[in-house]
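**Q** Could you have a look at this structure, given as structure tokens, before my questions?
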There are 2 protein chains.
Amino acid sequence: MEYKISDKFVNMKPSAIREIFKSLGKPGCISFAAGNPSPESFPVEEIRKITSRILSEEPITALQYGVTEGYPKLRELVSARLKRVYGIGSDDDETIIVSGGQQGIELTCKVMCNEGDVVISENPSFIGALNAFRSLGAKLVGVPLGDDGMDIAALEKALAENPNAKIIYTIPSFQNPAGITSTLENRKAVYALASKYDVVIIEDNPYGDLRFSGEDVPTYKSFDTEGRVVYCGSFSKILSAGIRIGTLTANKALVSKIVVAKQVEDVHTNMFFQMVCAKYMSEYDLEEHIAKIRKLYSHKAGLMISALEKFMPSDVKFTRPDGGIFLWCSLPEGYDLGEFIKRCSEKNVFVVPGTAFLPDESETTRSFRLNYSMPSDEEITRGIKLLADVVAEMR
Amino acid sequence: MEYKISDKFVNMKPSAIREIFKSLGKPGCISFAAGNPSPESFPVEEIRKITSRILSEEPITALQYGVTEGYPKLRELVSARLKRVYGIGSDDDETIIVSGGQQGIELTCKVMCNEGDVVISENPSFIGALNAFRSLGAKLVGVPLGDDGMDIAALEKALAENPNAKIIYTIPSFQNPAGITSTLENRKAVYALASKYDVVIIEDNPYGDLRFSGEDVPTYKSFDTEGRVVYCGSFSKILSAGIRIGTLTANKALVSKIVVAKQVEDVHTNMFFQMVCAKYMSEYDLEEHIAKIRKLYSHKAGLMISALEKFMPSDVKFTRPDGGIFLWCSLPEGYDLGEFIKRCSEKNVFVVPGTAFLPDESETTRSFRLNYSMPSDEEITRGIKLLADVVAEMR
């Protein structure tokens with residue numbers, strides 16, 4: 001039969017990154033394309049001990065249906081940690097467990113946006129979130145991302161021109177893909193505009209724990225006095241990505257709707273690994289574990305920046321992240337990004353073209369994203385050298 | 001702030017069942033309200049061995065991001081089993097892993113229905129599916145469910161009257177909530193109408209493996225020559241419900257869209273437990289395990305039917321399921337279902353009012369759903385006696 005696909009999905013494409021992901025794994029290939037945490041960041045031994053104990057002591061709780069909001073003990077532990085580490089959470093807020101940060105973002109848009117409503121995002125931004133908004137029929141409006149955060153004048157213009165804007169979506173710390181951390185001043189200005197135009201802010205903070213230089217900047221949620229911020233957290237970059245455990249913190253009234261939306265998507269998140277996360281948090285030192293990951297990524301980011309400085313000509317620009325797992329690299333004027341990507345892949349080096357991250361798919365860019373958490377030290381140095389060779393060939 | 005909730009969610013309520021679920025667990029309470037498998041159906045010891053081996057041998061695969069379609073080995077094993085046990089799967093079909101059968105149902109509707117499009121379901125039907133369709137802005141049209149399956153004349157009328165019908169949603173075996181299995185003749189007639197009116201059939205078969213009496217009836221998917229059937233399977237009732245692993249089998253063209261929709265919801269399903277399911281299927285005898293569950297439920301269903309026959313007056317009607325975990329009980333004319341439910345809960349016995357399962361929420365019913373997989377033998381007999389006491393009190 002001929003399928004009649006819904007208007008929202010008829011033109012939806014899979015994430016360019018997840019498609020690249022499939023073609024990786026060839027011998028000798030160097031991938032800077034992933035968004036994966038380093039396998040060294042998974043506390044395998046501790047997880048082994050915990051899973052064994054769960055199956056001895058509480059197998060039925062772990063294997064039976066649970067409540068949609070999540071495993072109560074994990075919700076408590078996450079709330080307490082968010083309060084302690086980030087100053088997040090008022091009496092009117094509630095934290096629930098979701099199936100990865102991705103689900104928290106998608107659910108929030110789902111309960112807030114009618115078809116045609118506008119979501120404003122940084123430009124560039126995380127493709128998974130952009131595709132989620134698209135899949136719900138939301139219209140995307142991008143606001144240029146500068147070194148300090150979103151361009152405030154452009155944001156105000158976008159809000160003024162789009163009275164049906166419902167959400168500002170931001171990754172304020174170690175942004176994906178740009179590696180930029182917005183300043184407190186910038187965040188305050190964004191919040192003031194959200195308040196003025198009465199829109200919700202989705203604060204997506206999967207990398208927030210991974211700062212390896214500079215000073216912490218307060219989260220939006222920590223100074224949110226109006227219940228305007230939906231805070232999305234994740235265990236993907238600090239414990240395991242494959243277990244799909246994320247968190248969402250927002251005002252109770254909004255959370256109650258998000259819970260209904262989650263219920264019809266997957267009933268609840270994998271109970272067993274909610275319990276693993278809870279036991280890890282209560283029996284091991286998560287902060288110490290995170291400190292190790294920070295050290296690892298500090299080293300890898302440093303290596304990549306050194307290699308870029310050493311091998312790339314000075315007209316190739318790149319960001320210098322203070323944390324997270326990405327940096328953003330821009331080719332000089334006159335370069336063709338598609339040709340560059342093609343030549344890189346011929347040399348078995350993979351990067352993600354910046355076009356994947358544009359809210360407006362008709363725009364172009366000469367930028368691409370580099371990941372340093374997955375490749376080995378040797379691959380980082382050799383891979384950047386190969387990228388520089390391609391730049392030189394194309395000059 | 002005042003939240004502007006989307007039109008689709010502003011009136012959405014949480015599942016009545018999952019809300020009842022929260023109030024259970026009081027000491028002395030007897031619950032016939034759950035949809036949970038018996039804890040005895042979880043192969044805890046085998047899962048313990050498998051998890052330990054995964055963490056020794058392949059921890060990184062289990063804890064790292066995976067592909068949206070699911071763990072390849074599990075997809076192969078599930079496809080092979082569906083072929084072997086149910087004759088399901090042509091060369092044009094593909095099986096993917098989803099986060100519970102619930103997600104497969106929701107995703108299929110999402111990629112097919114525009115707002116206002118019609119989904120036809122059995123009346124009564126599974127509340128989780130009905131709420132998923134509602135959450136996507138689909139309009140529900142219920143078709144009465146008789147002892148043989150959907151009323152064919154009513155189905156044709158519904159299709160003829162709703163040219164924007166996109167989907168027929170059916171649970172053909174051991175239906176939730178009614179416990180009814182539709183006959184092959186009925187299924188063929190439903191398929192012929194789906195073909196005539198060019199709509200897709202979602203065949204939701206989470207209980208299909210749990211037949212304990214009578215003869216197997218071929219699945220819709222097994223005689224689907226047109227790629228018209230989306231088959232939703234689940235590990236919830238045969239291995240574990242809390243791990244949220246389901247399967248979806250459909251024509252490749254449709255699956256490619258469903259994969260995009262899944263990607264923006266949760267990227268992929270918990271990798272670790274996809275591997276657990278795969279190892280269980282390849283290293284243990286799943287069919288033998290299922291045979292044990294069937295025996296258990298045969299016993300429990302028999303007990304419940306005996307108790308109903310013994311204690312209930314003859315004008316209280318109930319279905320006699322050949323499998324699954326539910327039966328459907330109807331009060332005589334003149335009884336008020338709300339009052340009945342209230343009096344039952346005062347006696348600490350919980351059932352789900354049939355109103356929860358009506359596609360048209362403005363309708364009423366005197367029926368309620370009884371689950372026999374969760375309560376103990378003693379609870380089944382004592383609980384049914386208490387329900388009969390309430391019936392007598394209200395006469």
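Chain labels follow the order of the structure tokens: the first chain is A, the next B, and so on; residue numbering restarts at 1 in every chain, and ligands are counted from 1 in their shown order.
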List the neighbours of segment 345-350 of chain B out to 10 Å using only C-alpha atoms; skip same-chain residues closer than 2 positions along the sequence, and give me the result as a PyMOL selection string.

**A** chain B and resi 20-21+23-24+26-34+339-343+352-353+369-371+379+382-384+386-387+389-390

**Q** Using DSSP on the backbone coordinates, identify all residues within segment 58-223 of chain B classified as strand (DSSP E or B); present the result as a ChimeraX atom specification.

**A** /B:93-98,118-123,139-146,149-150,165-170,200-204,211

**Q** For the selection you just gave me, I'd like the residues written to a file as an mmCIF file, in the first residue's frame, keeping N, CA and C atoms.

**A**
```cif
data_model
loop_
_atom_site.group_PDB
_atom_site.id
_atom_site.type_symbol
_atom_site.label_atom_id
_atom_site.label_comp_id
_atom_site.auth_asym_id
_atom_site.auth_seq_id
_atom_site.Cartn_x
_atom_site.Cartn_y
_atom_site.Cartn_z
ATOM 1 N N ASP B 93 9.478 -6.430 5.209
ATOM 2 C CA ASP B 93 9.256 -6.011 6.588
ATOM 3 C C ASP B 93 10.572 -5.835 7.335
ATOM 4 N N GLU B 94 10.485 -5.096 8.406
ATOM 5 C CA GLU B 94 11.643 -4.863 9.246
ATOM 6 C C GLU B 94 11.179 -4.816 10.691
ATOM 7 N N THR B 95 11.989 -5.336 11.588
ATOM 8 C CA THR B 95 11.658 -5.304 13.014
ATOM 9 C C THR B 95 12.629 -4.375 13.730
ATOM 10 N N ILE B 96 12.080 -3.459 14.521
ATOM 11 C CA ILE B 96 12.929 -2.575 15.335
ATOM 12 C C ILE B 96 12.564 -2.740 16.806
ATOM 13 N N ILE B 97 13.452 -2.248 17.656
ATOM 14 C CA ILE B 97 13.221 -2.330 19.100
ATOM 15 C C ILE B 97 12.723 -0.973 19.592
ATOM 16 N N VAL B 98 11.664 -0.994 20.367
ATOM 17 C CA VAL B 98 11.090 0.239 20.912
ATOM 18 C C VAL B 98 11.020 0.148 22.448
ATOM 19 N N VAL B 118 -8.805 10.159 12.042
ATOM 20 C CA VAL B 118 -9.540 9.217 12.883
ATOM 21 C C VAL B 118 -8.762 7.919 13.092
ATOM 22 N N VAL B 119 -8.749 7.467 14.346
ATOM 23 C CA VAL B 119 -8.270 6.131 14.686
ATOM 24 C C VAL B 119 -9.476 5.340 15.176
ATOM 25 N N ILE B 120 -9.682 4.176 14.560
ATOM 26 C CA ILE B 120 -10.793 3.316 14.965
ATOM 27 C C ILE B 120 -10.251 2.251 15.909
ATOM 28 N N SER B 121 -10.919 2.085 17.033
ATOM 29 C CA SER B 121 -10.466 1.063 17.980
ATOM 30 C C SER B 121 -11.639 0.213 18.423
ATOM 31 N N GLU B 122 -11.307 -0.930 18.995
ATOM 32 C CA GLU B 122 -12.344 -1.711 19.659
ATOM 33 C C GLU B 122 -12.911 -0.887 20.818
ATOM 34 N N ASN B 123 -14.149 -1.124 21.137
ATOM 35 C CA ASN B 123 -14.782 -0.472 22.281
ATOM 36 C C ASN B 123 -15.311 -1.575 23.200
ATOM 37 N N LYS B 139 -8.835 11.666 16.420
ATOM 38 C CA LYS B 139 -10.206 11.503 16.893
ATOM 39 C C LYS B 139 -10.474 10.008 17.001
ATOM 40 N N LEU B 140 -11.033 9.580 18.125
ATOM 41 C CA LEU B 140 -11.271 8.152 18.334
ATOM 42 C C LEU B 140 -12.693 7.778 17.950
ATOM 43 N N VAL B 141 -12.820 6.694 17.238
ATOM 44 C CA VAL B 141 -14.136 6.124 16.949
ATOM 45 C C VAL B 141 -14.107 4.670 17.406
ATOM 46 N N GLY B 142 -14.992 4.327 18.339
ATOM 47 C CA GLY B 142 -15.021 2.973 18.883
ATOM 48 C C GLY B 142 -15.973 2.067 18.110
ATOM 49 N N VAL B 143 -15.580 0.813 17.962
ATOM 50 C CA VAL B 143 -16.431 -0.193 17.321
ATOM 51 C C VAL B 143 -16.700 -1.282 18.360
ATOM 52 N N PRO B 144 -17.979 -1.600 18.598
ATOM 53 C CA PRO B 144 -18.279 -2.574 19.656
ATOM 54 C C PRO B 144 -17.534 -3.888 19.453
ATOM 55 N N LEU B 145 -17.067 -4.422 20.582
ATOM 56 C CA LEU B 145 -16.330 -5.685 20.565
ATOM 57 C C LEU B 145 -17.273 -6.792 21.018
ATOM 58 N N GLY B 146 -17.550 -7.731 20.097
ATOM 59 C CA GLY B 146 -18.381 -8.878 20.463
ATOM 60 C C GLY B 146 -17.513 -10.069 20.834
ATOM 61 N N GLY B 149 -14.940 -10.721 18.084
ATOM 62 C CA GLY B 149 -14.068 -9.625 17.672
ATOM 63 C C GLY B 149 -14.905 -8.395 17.365
ATOM 64 N N MET B 150 -14.316 -7.479 16.601
ATOM 65 C CA MET B 150 -15.035 -6.238 16.280
ATOM 66 C C MET B 150 -16.307 -6.520 15.493
ATOM 67 N N ALA B 165 -10.144 8.372 8.263
ATOM 68 C CA ALA B 165 -9.637 7.313 9.146
ATOM 69 C C ALA B 165 -8.294 6.836 8.606
ATOM 70 N N LYS B 166 -7.296 6.721 9.469
ATOM 71 C CA LYS B 166 -5.962 6.311 9.037
ATOM 72 C C LYS B 166 -5.583 4.945 9.598
ATOM 73 N N ILE B 167 -6.142 4.611 10.765
ATOM 74 C CA ILE B 167 -5.663 3.442 11.503
ATOM 75 C C ILE B 167 -6.837 2.697 12.131
ATOM 76 N N ILE B 168 -6.786 1.352 12.056
ATOM 77 C CA ILE B 168 -7.617 0.518 12.930
ATOM 78 C C ILE B 168 -6.676 -0.058 13.977
ATOM 79 N N TYR B 169 -6.965 0.228 15.229
ATOM 80 C CA TYR B 169 -6.134 -0.287 16.327
ATOM 81 C C TYR B 169 -6.841 -1.478 16.959
ATOM 82 N N THR B 170 -6.183 -2.624 17.007
ATOM 83 C CA THR B 170 -6.809 -3.813 17.577
ATOM 84 C C THR B 170 -5.840 -4.616 18.441
ATOM 85 N N VAL B 200 -4.330 1.572 7.742
ATOM 86 C CA VAL B 200 -3.333 0.700 8.376
ATOM 87 C C VAL B 200 -3.957 0.018 9.596
ATOM 88 N N ILE B 201 -3.540 -1.204 9.868
ATOM 89 C CA ILE B 201 -3.954 -1.881 11.104
ATOM 90 C C ILE B 201 -2.773 -1.905 12.061
ATOM 91 N N ILE B 202 -2.986 -1.401 13.266
ATOM 92 C CA ILE B 202 -1.998 -1.645 14.331
ATOM 93 C C ILE B 202 -2.459 -2.883 15.079
ATOM 94 N N GLU B 203 -1.658 -3.938 14.997
ATOM 95 C CA GLU B 203 -1.958 -5.174 15.717
ATOM 96 C C GLU B 203 -1.120 -5.187 16.989
ATOM 97 N N ASP B 204 -1.777 -4.968 18.104
ATOM 98 C CA ASP B 204 -1.079 -4.883 19.387
ATOM 99 C C ASP B 204 -1.200 -6.256 20.052
ATOM 100 N N ARG B 211 -1.395 -17.841 25.634
ATOM 101 C CA ARG B 211 -2.589 -18.674 25.469
ATOM 102 C C ARG B 211 -2.493 -19.890 26.387
#
```

**Q** Write out as a tab-separated table the residues of chain A that have any atom within 6 Å of an atom of chain B, one row each with the nearest atom pair and its distance in Å to one decimal, counting only C-alpha atoms, sorted by chain and then rising number.

**A**
```
residue	atom	partner	partner_atom	distance
A:Met1	CA	B:Glu226	CA	5.6
A:Ile5	CA	B:Met112	CA	4.6
A:Ser6	CA	B:Met112	CA	4.6
A:Phe9	CA	B:Val111	CA	5.6
A:Pro14	CA	B:Val260	CA	5.1
A:Leu63	CA	B:Gly242	CA	4.4
A:Gln64	CA	B:Gly242	CA	4.4
A:Tyr65	CA	B:Gly242	CA	4.5
A:Ser99	CA	B:Asp266	CA	5.9
A:Gln102	CA	B:Asp266	CA	5.7
A:Gln103	CA	B:Glu265	CA	5.1
A:Val111	CA	B:Ser6	CA	5.4
A:Met112	CA	B:Ser6	CA	4.6
A:Cys113	CA	B:Ser6	CA	5.1
A:Asn114	CA	B:Ser6	CA	5.2
A:Ala132	CA	B:Val264	CA	4.8
A:Glu226	CA	B:Met1	CA	5.6
A:Ser240	CA	B:Leu63	CA	5.2
A:Ala241	CA	B:Gln64	CA	5.1
A:Gly242	CA	B:Gln64	CA	4.4
A:Ile243	CA	B:Asn270	CA	4.7
A:Arg244	CA	B:Asn270	CA	5.7
A:Val260	CA	B:Pro14	CA	5.0
A:Val264	CA	B:Ala132	CA	4.8
A:Glu265	CA	B:Gln103	CA	5.1
A:Asp266	CA	B:Gln103	CA	5.2
A:Asn270	CA	B:Ile243	CA	4.7
A:Met271	CA	B:Gly242	CA	5.2
```

**Q** To one decimal in Å, tell me the separation between atom CA of Pro321 of chain A and atom CA of Thr355 of chain A.

**A**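 Result for atom CA of Pro321 of chain A versus atom CA of Thr355 of chain A: 20.4 Å, one decimal.
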
**Q** Find the residues around Ile238 of chain B up to 8 Å (only C-alpha atoms counted), leave out those fewer than 4 positions away in its own chain, and share them as a list in words.

**A**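 The residues satisfying every condition are Ser41, Phe42, Asp209, Ser234, His289, Ile290 and Ile293 of chain B.
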
**Q** Write out as JSON, numbers by chain which residues come within 7 Å of Lys279 of chain B when counting only C-alpha atoms, dropping same-chain ones fewer than 4 positions away.

**A** {"B": [50, 275, 283]}

**Q** Among segment 95-181 of chain A, which residues carry a DSSP assignment of helix (DSSP H, G or I), reported as a ChimeraX atom specification?

**A** /A:101-112,127-135,152-161

**Q** Can you pull out every residue within 12 Å of Gly334 of chain B, counting only C-alpha atoms, but drop anything in the same chain fewer than 2 positions away, and send it as JSON, numbers by chain?

**A** {"B": [315, 316, 330, 331, 332, 336, 337, 339, 340, 365, 366, 391, 394, 395]}

**Q** Could the residues in this selection be saved with all heavy atoms as an mmCIF file, in the first residue's frame?

**A**
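See part_20.cif below for the written result:
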```
data_model
loop_
_atom_site.group_PDB
_atom_site.id
_atom_site.type_symbol
_atom_site.label_atom_id
_atom_site.label_comp_id
_atom_site.auth_asym_id
_atom_site.auth_seq_id
_atom_site.Cartn_x
_atom_site.Cartn_y
_atom_site.Cartn_z
ATOM 1 N N ASP B 315 -26.797 -13.041 36.972
ATOM 2 C CA ASP B 315 -26.963 -11.888 36.080
ATOM 3 C C ASP B 315 -25.722 -10.985 36.038
ATOM 4 O O ASP B 315 -25.716 -9.972 35.340
ATOM 5 C CB ASP B 315 -28.238 -11.094 36.425
ATOM 6 C CG ASP B 315 -28.271 -10.638 37.881
ATOM 7 O OD1 ASP B 315 -27.342 -10.995 38.647
ATOM 8 O OD2 ASP B 315 -29.229 -9.930 38.236
ATOM 9 N N VAL B 316 -24.682 -11.357 36.769
ATOM 10 C CA VAL B 316 -23.383 -10.702 36.578
ATOM 11 C C VAL B 316 -22.640 -11.500 35.506
ATOM 12 O O VAL B 316 -22.391 -12.689 35.677
ATOM 13 C CB VAL B 316 -22.573 -10.664 37.897
ATOM 14 C CG1 VAL B 316 -21.149 -10.193 37.641
ATOM 15 C CG2 VAL B 316 -23.261 -9.767 38.915
ATOM 16 N N SER B 330 -19.481 -7.613 33.923
ATOM 17 C CA SER B 330 -20.526 -6.594 33.715
ATOM 18 C C SER B 330 -21.637 -6.743 34.746
ATOM 19 O O SER B 330 -22.189 -7.834 34.931
ATOM 20 C CB SER B 330 -21.108 -6.726 32.306
ATOM 21 O OG SER B 330 -20.084 -6.573 31.350
ATOM 22 N N LEU B 331 -21.971 -5.637 35.398
ATOM 23 C CA LEU B 331 -23.036 -5.619 36.398
ATOM 24 C C LEU B 331 -24.394 -5.644 35.724
ATOM 25 O O LEU B 331 -24.541 -5.187 34.582
ATOM 26 C CB LEU B 331 -22.912 -4.355 37.261
ATOM 27 C CG LEU B 331 -21.641 -4.245 38.109
ATOM 28 C CD1 LEU B 331 -21.526 -2.843 38.720
ATOM 29 C CD2 LEU B 331 -21.617 -5.312 39.197
ATOM 30 N N PRO B 332 -25.402 -6.158 36.396
ATOM 31 C CA PRO B 332 -26.749 -6.186 35.819
ATOM 32 C C PRO B 332 -27.301 -4.767 35.661
ATOM 33 O O PRO B 332 -26.804 -3.818 36.276
ATOM 34 C CB PRO B 332 -27.579 -6.949 36.854
ATOM 35 C CG PRO B 332 -26.611 -7.579 37.789
ATOM 36 C CD PRO B 332 -25.365 -6.768 37.749
ATOM 37 N N ASP B 336 -25.165 0.994 39.589
ATOM 38 C CA ASP B 336 -24.342 2.167 39.314
ATOM 39 C C ASP B 336 -22.871 1.775 39.493
ATOM 40 O O ASP B 336 -22.435 1.406 40.591
ATOM 41 C CB ASP B 336 -24.718 3.291 40.298
ATOM 42 C CG ASP B 336 -23.895 4.543 40.073
ATOM 43 O OD1 ASP B 336 -24.242 5.336 39.190
ATOM 44 O OD2 ASP B 336 -22.862 4.701 40.770
ATOM 45 N N LEU B 337 -22.105 1.855 38.394
ATOM 46 C CA LEU B 337 -20.717 1.374 38.431
ATOM 47 C C LEU B 337 -19.863 2.183 39.412
ATOM 48 O O LEU B 337 -19.066 1.621 40.169
ATOM 49 C CB LEU B 337 -20.103 1.426 37.022
ATOM 50 C CG LEU B 337 -18.645 0.946 36.921
ATOM 51 C CD1 LEU B 337 -18.534 -0.546 37.184
ATOM 52 C CD2 LEU B 337 -18.050 1.293 35.560
ATOM 53 N N GLU B 339 -20.742 3.750 42.122
ATOM 54 C CA GLU B 339 -21.065 3.359 43.492
ATOM 55 C C GLU B 339 -20.445 1.989 43.822
ATOM 56 O O GLU B 339 -19.912 1.778 44.917
ATOM 57 C CB GLU B 339 -22.597 3.295 43.648
ATOM 58 C CG GLU B 339 -23.113 2.841 45.003
ATOM 59 C CD GLU B 339 -22.753 3.790 46.143
ATOM 60 O OE1 GLU B 339 -22.439 4.968 45.876
ATOM 61 O OE2 GLU B 339 -22.765 3.335 47.312
ATOM 62 N N PHE B 340 -20.506 1.081 42.866
ATOM 63 C CA PHE B 340 -19.920 -0.250 43.041
ATOM 64 C C PHE B 340 -18.406 -0.159 43.314
ATOM 65 O O PHE B 340 -17.889 -0.735 44.273
ATOM 66 C CB PHE B 340 -20.195 -1.101 41.790
ATOM 67 C CG PHE B 340 -19.518 -2.442 41.799
ATOM 68 C CD1 PHE B 340 -20.022 -3.497 42.552
ATOM 69 C CD2 PHE B 340 -18.369 -2.660 41.038
ATOM 70 C CE1 PHE B 340 -19.394 -4.741 42.559
ATOM 71 C CE2 PHE B 340 -17.735 -3.895 41.043
ATOM 72 C CZ PHE B 340 -18.248 -4.934 41.802
ATOM 73 N N THR B 365 -20.810 2.766 31.118
ATOM 74 C CA THR B 365 -20.785 1.310 31.056
ATOM 75 C C THR B 365 -21.025 0.777 32.465
ATOM 76 O O THR B 365 -20.812 1.493 33.446
ATOM 77 C CB THR B 365 -19.427 0.800 30.519
ATOM 78 O OG1 THR B 365 -19.434 -0.632 30.560
ATOM 79 C CG2 THR B 365 -18.260 1.298 31.365
ATOM 80 N N ARG B 366 -21.475 -0.472 32.536
ATOM 81 C CA ARG B 366 -21.580 -1.119 33.856
ATOM 82 C C ARG B 366 -20.517 -2.204 33.998
ATOM 83 O O ARG B 366 -20.601 -3.060 34.865
ATOM 84 C CB ARG B 366 -22.976 -1.725 34.037
ATOM 85 C CG ARG B 366 -24.084 -0.691 34.219
ATOM 86 C CD ARG B 366 -25.391 -1.356 34.643
ATOM 87 N NE ARG B 366 -25.735 -2.457 33.750
ATOM 88 C CZ ARG B 366 -26.395 -2.316 32.595
ATOM 89 N NH1 ARG B 366 -26.791 -1.133 32.200
ATOM 90 N NH2 ARG B 366 -26.670 -3.378 31.860
ATOM 91 N N VAL B 391 -22.046 -6.642 45.301
ATOM 92 C CA VAL B 391 -23.173 -6.823 44.365
ATOM 93 C C VAL B 391 -24.454 -7.128 45.151
ATOM 94 O O VAL B 391 -25.517 -6.543 44.893
ATOM 95 C CB VAL B 391 -22.875 -7.952 43.345
ATOM 96 C CG1 VAL B 391 -24.128 -8.290 42.523
ATOM 97 C CG2 VAL B 391 -21.726 -7.549 42.415
ATOM 98 N N MET B 394 -25.912 -4.160 47.021
ATOM 99 C CA MET B 394 -26.502 -3.123 46.150
ATOM 100 C C MET B 394 -27.782 -3.585 45.463
ATOM 101 O O MET B 394 -28.421 -2.813 44.754
ATOM 102 C CB MET B 394 -25.490 -2.679 45.088
ATOM 103 C CG MET B 394 -24.367 -1.813 45.643
ATOM 104 S SD MET B 394 -23.112 -1.424 44.397
ATOM 105 C CE MET B 394 -24.040 -0.328 43.308
ATOM 106 N N ARG B 395 -28.126 -4.845 45.657
ATOM 107 C CA ARG B 395 -29.286 -5.375 44.924
ATOM 108 C C ARG B 395 -30.587 -4.722 45.409
ATOM 109 O O ARG B 395 -30.753 -4.450 46.571
ATOM 110 C CB ARG B 395 -29.361 -6.907 45.082
ATOM 111 C CG ARG B 395 -30.380 -7.534 44.131
ATOM 112 C CD ARG B 395 -30.154 -9.019 43.970
ATOM 113 N NE ARG B 395 -28.908 -9.315 43.280
ATOM 114 C CZ ARG B 395 -28.840 -9.517 41.956
ATOM 115 N NH1 ARG B 395 -29.912 -9.415 41.198
ATOM 116 N NH2 ARG B 395 -27.688 -9.796 41.401
#
```

**Q** So what do you get for atom CA of Val85 of chain A versus atom CA of Leu286 of chain A, distance-wise?

**A** 11.7 Å

**Q** Pick out the residues sitting within 9 Å of Tyr191 of chain A, and hand them over as number ranges by chain; count only C-alpha atoms, and ignore anything fewer than 5 positions along from it in its own chain.

**A** A: 186, 196, 201, 220, 224, 228-229

**Q** Phe212 of chain A: which residues within 9 Å, counting only C-alpha atoms, same-chain residues fewer than 6 positions away excluded, as a VMD selection string?

**A** chain A and resid 291 294 to 295 297 to 298 321 to 324
